[in-house]
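These notes are about the structure you will find just below.
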Amino acid sequence: MLRPDLNRRLGSTGFPASRLGLGDVADRALPLEVCADLLRRGLDAGLNVVDTAPAYEDGFSEEIVARALHGRREGVFLIDKIDHLDRPVTGQLEESLRRLEQPAVDLLVFHGVSRLEDWDRITVPGGAFDELEAQVQAGRARFRGISSHHPDVLAAALASGRCDVVMFPIGPFADPRYEAEILPRARALGVGTIGFKTFGAGMLLGDTAGYGQPLADPGSPPRPRMSVASCLRYTLTVNPDVALLGLSSPSEQDAAFAATAAFAPLAPAELAAVRQEAARAIAGKGRVWWNPA
């Protein structure tokens, strides 16, 4: 069980969120029940924020969440996403709720809004964001927001006053503007913050081009690696409301739980040293898509 003093309010939503959140644990190479057990294992440890999206393994992630939350939905903050910014919100949400076997989600976000033109498109009068807000009014979602891989988009979203929560990269290898500009601005506005990419899509932890994909030159010597504890201590020091992690194996979960339970903040010089370590660990492994070019 994680230390309860590490929970905090998720912005102005008022939800007492665990410092760690459970992200996409979907893997079609594994039986659904095995994946659901991984999610339940995190819930049993005290995590209460669960994130999914239709795009994660073509709906399989939502099916896993449905199985894992059966009989234990109360007290869990459930996040789902609208993947297609150019399609009606209502139909996409209805499909998600069907797979989730739920009447509503807690937070509904537009997924991957990473260009200013995308933000402008969804916020035109009568557009997708208005449709999302209608779903909130109808009780199918409680809160609204975006996930993004661009600080400029996040700045525009915060300035609009339309987001209850924003989701963006935070970790030892993420654009410094997320940490220096977006995080404090959101905090000042009472907007909840959920950080992802603590492990750099796995690139900081192992020899992968991201999410288990092989390196372009798999025969090369092993590259530098970081530990779960080192990456996570960095993110917890930077201090988003929730650090959203994949936690897709029991060993990774246990390492994250232990690091969180023993957490002590890093000093500024230590943060800088971890960033340097991350730059070495990620070099040459592939495209870092969560940072603006």
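By order in the structure tokens, chains are A, B, ...; within a chain, residues start at 1; ligands start at 1, following the order shown.
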Subject >> Spatial neighbours of A:Phe173, max dist 12 Å, only C-alpha atoms, sep filter under 5 positions, as a PyMOL selection string >> reply: chain A and resi 178-179+196-205+226+231-232+234-235+271-283+288-291
**OP:** Pick out the residues sitting within 9 Å of stretch 237-251 of chain A, and hand them over as a ChimeraX atom specification; count only C-alpha atoms, and ignore anything fewer than 6 positions along from it in its own chain.
**Re:** /A:7-11,17-27,35,38-39,41-42,49-51,170-171,179,183,187,192-199,201,263-267,271
What are the DSSP strand (DSSP E) residues of stretch 49-250 of chain A, as a short mmCIF file (atom, residue, chain, number, x, y, z; two decimals) with N, CA and C atoms, in the first residue's frame?
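Saved the output as part.cif:
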```
data_model
loop_
_atom_site.label_atom_id
_atom_site.label_comp_id
_atom_site.auth_asym_id
_atom_site.auth_seq_id
_atom_site.Cartn_x
_atom_site.Cartn_y
_atom_site.Cartn_z
N VAL A 49 -6.25 6.31 -10.04
CA VAL A 49 -6.43 7.01 -11.31
C VAL A 49 -6.12 6.01 -12.43
N VAL A 50 -7.08 5.81 -13.32
CA VAL A 50 -6.94 4.84 -14.41
C VAL A 50 -7.17 5.56 -15.74
N ASP A 51 -6.23 5.39 -16.66
CA ASP A 51 -6.30 6.06 -17.95
C ASP A 51 -6.39 5.04 -19.07
N PHE A 77 -10.84 7.29 -10.35
CA PHE A 77 -10.98 8.38 -11.30
C PHE A 77 -10.63 7.83 -12.67
N LEU A 78 -11.64 7.69 -13.52
CA LEU A 78 -11.50 7.03 -14.82
C LEU A 78 -11.39 8.07 -15.93
N ILE A 79 -10.31 7.95 -16.70
CA ILE A 79 -10.03 8.86 -17.81
C ILE A 79 -10.17 8.12 -19.13
N ASP A 80 -10.89 8.71 -20.08
CA ASP A 80 -10.90 8.18 -21.44
C ASP A 80 -10.74 9.34 -22.41
N LYS A 81 -10.60 8.99 -23.69
CA LYS A 81 -10.18 10.00 -24.65
C LYS A 81 -11.02 9.96 -25.92
N ILE A 82 -11.03 11.09 -26.58
CA ILE A 82 -11.58 11.22 -27.93
C ILE A 82 -10.39 11.23 -28.87
N VAL A 105 -17.64 8.48 -17.62
CA VAL A 105 -16.24 8.53 -17.19
C VAL A 105 -16.07 9.78 -16.35
N ASP A 106 -14.97 9.85 -15.63
CA ASP A 106 -14.73 11.04 -14.82
C ASP A 106 -14.12 12.17 -15.64
N LEU A 107 -13.15 11.83 -16.46
CA LEU A 107 -12.48 12.84 -17.28
C LEU A 107 -12.47 12.38 -18.73
N LEU A 108 -12.94 13.25 -19.62
CA LEU A 108 -12.90 12.99 -21.05
C LEU A 108 -12.01 14.03 -21.70
N VAL A 109 -10.97 13.57 -22.38
CA VAL A 109 -10.00 14.50 -22.98
C VAL A 109 -9.87 14.24 -24.47
N PHE A 110 -9.57 15.30 -25.19
CA PHE A 110 -9.17 15.15 -26.59
C PHE A 110 -7.73 14.67 -26.61
N ALA A 141 -19.71 12.50 -18.67
CA ALA A 141 -18.36 12.79 -18.18
C ALA A 141 -18.50 13.89 -17.14
N ARG A 142 -17.59 13.90 -16.20
CA ARG A 142 -17.64 14.92 -15.15
C ARG A 142 -16.75 16.12 -15.46
N PHE A 143 -15.61 15.86 -16.12
CA PHE A 143 -14.63 16.91 -16.37
C PHE A 143 -14.10 16.79 -17.78
N ARG A 144 -13.46 17.87 -18.26
CA ARG A 144 -12.97 17.91 -19.64
C ARG A 144 -11.54 18.37 -19.69
N GLY A 145 -10.85 18.05 -20.79
CA GLY A 145 -9.47 18.47 -20.91
C GLY A 145 -8.86 18.00 -22.22
N ILE A 146 -7.54 18.10 -22.29
CA ILE A 146 -6.79 17.62 -23.46
C ILE A 146 -5.53 16.91 -22.98
N SER A 147 -5.01 16.04 -23.84
CA SER A 147 -3.62 15.60 -23.72
C SER A 147 -2.87 16.19 -24.90
N VAL A 165 -8.52 19.58 -16.53
CA VAL A 165 -7.28 18.83 -16.37
C VAL A 165 -6.54 18.87 -17.69
N VAL A 166 -5.21 18.97 -17.63
CA VAL A 166 -4.39 18.83 -18.83
C VAL A 166 -3.38 17.71 -18.59
N MET A 167 -3.08 16.98 -19.66
CA MET A 167 -2.16 15.85 -19.61
C MET A 167 -1.01 16.12 -20.56
N PHE A 168 0.23 15.94 -20.09
CA PHE A 168 1.38 16.30 -20.92
C PHE A 168 2.63 15.60 -20.39
N PRO A 169 3.70 15.56 -21.20
CA PRO A 169 4.92 14.87 -20.79
C PRO A 169 5.62 15.57 -19.63
N GLY A 192 -5.99 20.68 -13.02
CA GLY A 192 -5.29 19.46 -12.67
C GLY A 192 -4.22 19.11 -13.69
N THR A 193 -3.14 18.50 -13.21
CA THR A 193 -2.03 18.13 -14.09
C THR A 193 -1.73 16.65 -13.96
N ILE A 194 -1.70 15.98 -15.09
CA ILE A 194 -1.34 14.56 -15.15
C ILE A 194 -0.16 14.43 -16.11
N GLY A 195 0.96 13.98 -15.59
CA GLY A 195 2.16 13.85 -16.39
C GLY A 195 2.35 12.43 -16.89
N PHE A 196 2.85 12.31 -18.11
CA PHE A 196 3.21 11.00 -18.65
C PHE A 196 4.59 11.07 -19.27
N VAL A 242 -0.54 13.99 -10.74
CA VAL A 242 -0.48 12.54 -10.93
C VAL A 242 0.61 12.23 -11.95
N ALA A 243 1.41 11.22 -11.65
CA ALA A 243 2.37 10.69 -12.61
C ALA A 243 1.76 9.43 -13.20
N LEU A 244 1.38 9.49 -14.46
CA LEU A 244 0.70 8.38 -15.13
C LEU A 244 1.75 7.44 -15.72
N LEU A 245 1.72 6.18 -15.28
CA LEU A 245 2.73 5.21 -15.70
C LEU A 245 2.05 4.00 -16.32
#
```
Original post:
Quick one: of A:Leu30, A:Leu158, A:Val191, A:Ala45, who's nearest to A:Ile64, counting only C-alpha atoms?
Top reply: A:Leu30
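We find atom CA of A:Gly210 and atom CA of A:Ala36 to be spaced 22.6 Å apart.
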Original post:
So which bits of stretch 193-277 of chain A end up helix (DSSP H, G or I) when you DSSP the backbone, as a ChimeraX atom specification?
Top reply: /A:200-202,228-238,250-261,268-277
With N, CA and C atoms retained, write the just-selected residues as an mmCIF file, in the first residue's frame.
```
data_model
loop_
_atom_site.group_PDB
_atom_site.id
_atom_site.type_symbol
_atom_site.label_atom_id
_atom_site.label_comp_id
_atom_site.auth_asym_id
_atom_site.auth_seq_id
_atom_site.Cartn_x
_atom_site.Cartn_y
_atom_site.Cartn_z
ATOM 1 N N GLY A 200 10.018 7.806 -20.684
ATOM 2 C CA GLY A 200 10.328 8.057 -22.094
ATOM 3 C C GLY A 200 9.849 6.942 -22.999
ATOM 4 N N ALA A 201 8.584 6.517 -22.793
ATOM 5 C CA ALA A 201 8.012 5.415 -23.579
ATOM 6 C C ALA A 201 8.858 4.144 -23.485
ATOM 7 N N GLY A 202 9.536 3.981 -22.357
ATOM 8 C CA GLY A 202 10.380 2.810 -22.142
ATOM 9 C C GLY A 202 11.794 2.968 -22.644
ATOM 10 N N VAL A 228 13.790 2.534 -12.861
ATOM 11 C CA VAL A 228 12.442 3.037 -12.587
ATOM 12 C C VAL A 228 12.504 4.062 -11.465
ATOM 13 N N ALA A 229 13.255 3.756 -10.411
ATOM 14 C CA ALA A 229 13.319 4.642 -9.251
ATOM 15 C C ALA A 229 13.894 6.007 -9.603
ATOM 16 N N SER A 230 14.952 6.039 -10.411
ATOM 17 C CA SER A 230 15.578 7.309 -10.769
ATOM 18 C C SER A 230 14.629 8.176 -11.591
ATOM 19 N N CYS A 231 13.989 7.579 -12.593
ATOM 20 C CA CYS A 231 13.043 8.329 -13.433
ATOM 21 C C CYS A 231 11.870 8.844 -12.606
ATOM 22 N N LEU A 232 11.337 7.973 -11.768
ATOM 23 C CA LEU A 232 10.136 8.342 -11.024
ATOM 24 C C LEU A 232 10.438 9.384 -9.949
ATOM 25 N N ARG A 233 11.600 9.273 -9.318
ATOM 26 C CA ARG A 233 11.945 10.275 -8.314
ATOM 27 C C ARG A 233 12.035 11.656 -8.953
ATOM 28 N N TYR A 234 12.532 11.713 -10.189
ATOM 29 C CA TYR A 234 12.578 12.988 -10.903
ATOM 30 C C TYR A 234 11.162 13.553 -11.068
ATOM 31 N N THR A 235 10.251 12.729 -11.597
ATOM 32 C CA THR A 235 8.895 13.214 -11.862
ATOM 33 C C THR A 235 8.184 13.615 -10.585
ATOM 34 N N LEU A 236 8.331 12.841 -9.522
ATOM 35 C CA LEU A 236 7.673 13.186 -8.261
ATOM 36 C C LEU A 236 8.238 14.475 -7.678
ATOM 37 N N THR A 237 9.517 14.738 -7.899
ATOM 38 C CA THR A 237 10.105 15.996 -7.435
ATOM 39 C C THR A 237 9.532 17.172 -8.207
ATOM 40 N N VAL A 238 9.391 17.016 -9.525
ATOM 41 C CA VAL A 238 8.813 18.078 -10.352
ATOM 42 C C VAL A 238 7.359 18.340 -9.962
ATOM 43 N N PRO A 250 4.499 -6.871 -13.134
ATOM 44 C CA PRO A 250 4.590 -6.817 -11.672
ATOM 45 C C PRO A 250 5.913 -6.242 -11.182
ATOM 46 N N SER A 251 7.020 -6.550 -11.851
ATOM 47 C CA SER A 251 8.308 -6.040 -11.401
ATOM 48 C C SER A 251 8.382 -4.523 -11.553
ATOM 49 N N GLU A 252 7.855 -3.996 -12.652
ATOM 50 C CA GLU A 252 7.850 -2.548 -12.839
ATOM 51 C C GLU A 252 6.936 -1.884 -11.814
ATOM 52 N N GLN A 253 5.793 -2.495 -11.547
ATOM 53 C CA GLN A 253 4.895 -1.967 -10.522
ATOM 54 C C GLN A 253 5.596 -1.917 -9.172
ATOM 55 N N ASP A 254 6.228 -3.026 -8.792
ATOM 56 C CA ASP A 254 6.869 -3.075 -7.476
ATOM 57 C C ASP A 254 7.973 -2.037 -7.355
ATOM 58 N N ALA A 255 8.746 -1.847 -8.419
ATOM 59 C CA ALA A 255 9.804 -0.839 -8.384
ATOM 60 C C ALA A 255 9.215 0.564 -8.230
ATOM 61 N N ALA A 256 8.115 0.837 -8.921
ATOM 62 C CA ALA A 256 7.477 2.155 -8.827
ATOM 63 C C ALA A 256 6.852 2.362 -7.456
ATOM 64 N N PHE A 257 6.223 1.315 -6.921
ATOM 65 C CA PHE A 257 5.606 1.442 -5.597
ATOM 66 C C PHE A 257 6.673 1.701 -4.532
ATOM 67 N N ALA A 258 7.787 0.980 -4.621
ATOM 68 C CA ALA A 258 8.858 1.150 -3.642
ATOM 69 C C ALA A 258 9.465 2.548 -3.737
ATOM 70 N N ALA A 259 9.676 3.029 -4.961
ATOM 71 C CA ALA A 259 10.254 4.361 -5.143
ATOM 72 C C ALA A 259 9.317 5.440 -4.614
ATOM 73 N N THR A 260 8.029 5.262 -4.810
ATOM 74 C CA THR A 260 7.062 6.250 -4.336
ATOM 75 C C THR A 260 6.960 6.224 -2.821
ATOM 76 N N ALA A 261 6.940 5.049 -2.239
ATOM 77 C CA ALA A 261 6.847 4.944 -0.785
ATOM 78 C C ALA A 261 8.057 5.551 -0.096
ATOM 79 N N PRO A 268 18.119 20.679 -6.777
ATOM 80 C CA PRO A 268 18.286 21.155 -8.160
ATOM 81 C C PRO A 268 19.476 20.533 -8.879
ATOM 82 N N ALA A 269 20.608 20.409 -8.210
ATOM 83 C CA ALA A 269 21.778 19.811 -8.863
ATOM 84 C C ALA A 269 21.532 18.348 -9.194
ATOM 85 N N GLU A 270 20.790 17.662 -8.339
ATOM 86 C CA GLU A 270 20.474 16.252 -8.598
ATOM 87 C C GLU A 270 19.508 16.125 -9.780
ATOM 88 N N LEU A 271 18.546 17.037 -9.891
ATOM 89 C CA LEU A 271 17.645 17.036 -11.046
ATOM 90 C C LEU A 271 18.435 17.199 -12.335
ATOM 91 N N ALA A 272 19.392 18.125 -12.327
ATOM 92 C CA ALA A 272 20.215 18.352 -13.517
ATOM 93 C C ALA A 272 21.019 17.114 -13.870
ATOM 94 N N ALA A 273 21.518 16.416 -12.868
ATOM 95 C CA ALA A 273 22.296 15.202 -13.124
ATOM 96 C C ALA A 273 21.428 14.111 -13.719
ATOM 97 N N VAL A 274 20.189 14.000 -13.263
ATOM 98 C CA VAL A 274 19.280 12.994 -13.820
ATOM 99 C C VAL A 274 18.933 13.333 -15.262
ATOM 100 N N ARG A 275 18.744 14.604 -15.569
ATOM 101 C CA ARG A 275 18.476 14.996 -16.959
ATOM 102 C C ARG A 275 19.650 14.617 -17.863
ATOM 103 N N GLN A 276 20.857 14.806 -17.383
ATOM 104 C CA GLN A 276 22.031 14.417 -18.174
ATOM 105 C C GLN A 276 22.082 12.905 -18.368
ATOM 106 N N GLU A 277 21.752 12.168 -17.319
ATOM 107 C CA GLU A 277 21.711 10.714 -17.427
ATOM 108 C C GLU A 277 20.664 10.281 -18.449
#
```
Subject >> Test item: residues at most 12 Å from A:Arg72, only C-alpha atoms, excluding those fewer than 2 positions along its chain, as a PyMOL selection string >> reply: chain A and resi 39-40+43-44+48+65-70+74-78+102
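With only C-alpha atoms as the atoms that count, the minimum distance from A:Ser114 to the choices A:Leu215, A:Ala53, A:Ala134, A:Ala293 is reached by A:Ala293.
Of note, atom CA of A:His111 and atom CA of A:Pro214 are spaced 25.2 Å apart.
Computed from the coordinates, the atom CA of A:Arg121 to atom CA of A:Asp86 distance equals 8.4 Å.
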Subject >> Surrounding residues of A:Arg115 excluding itself and chain neighbours under 6 positions, 9 Å, only C-alpha atoms, as a list in words >> reply: Ser148, His149, His150, Asp152 and Val153 of chain A
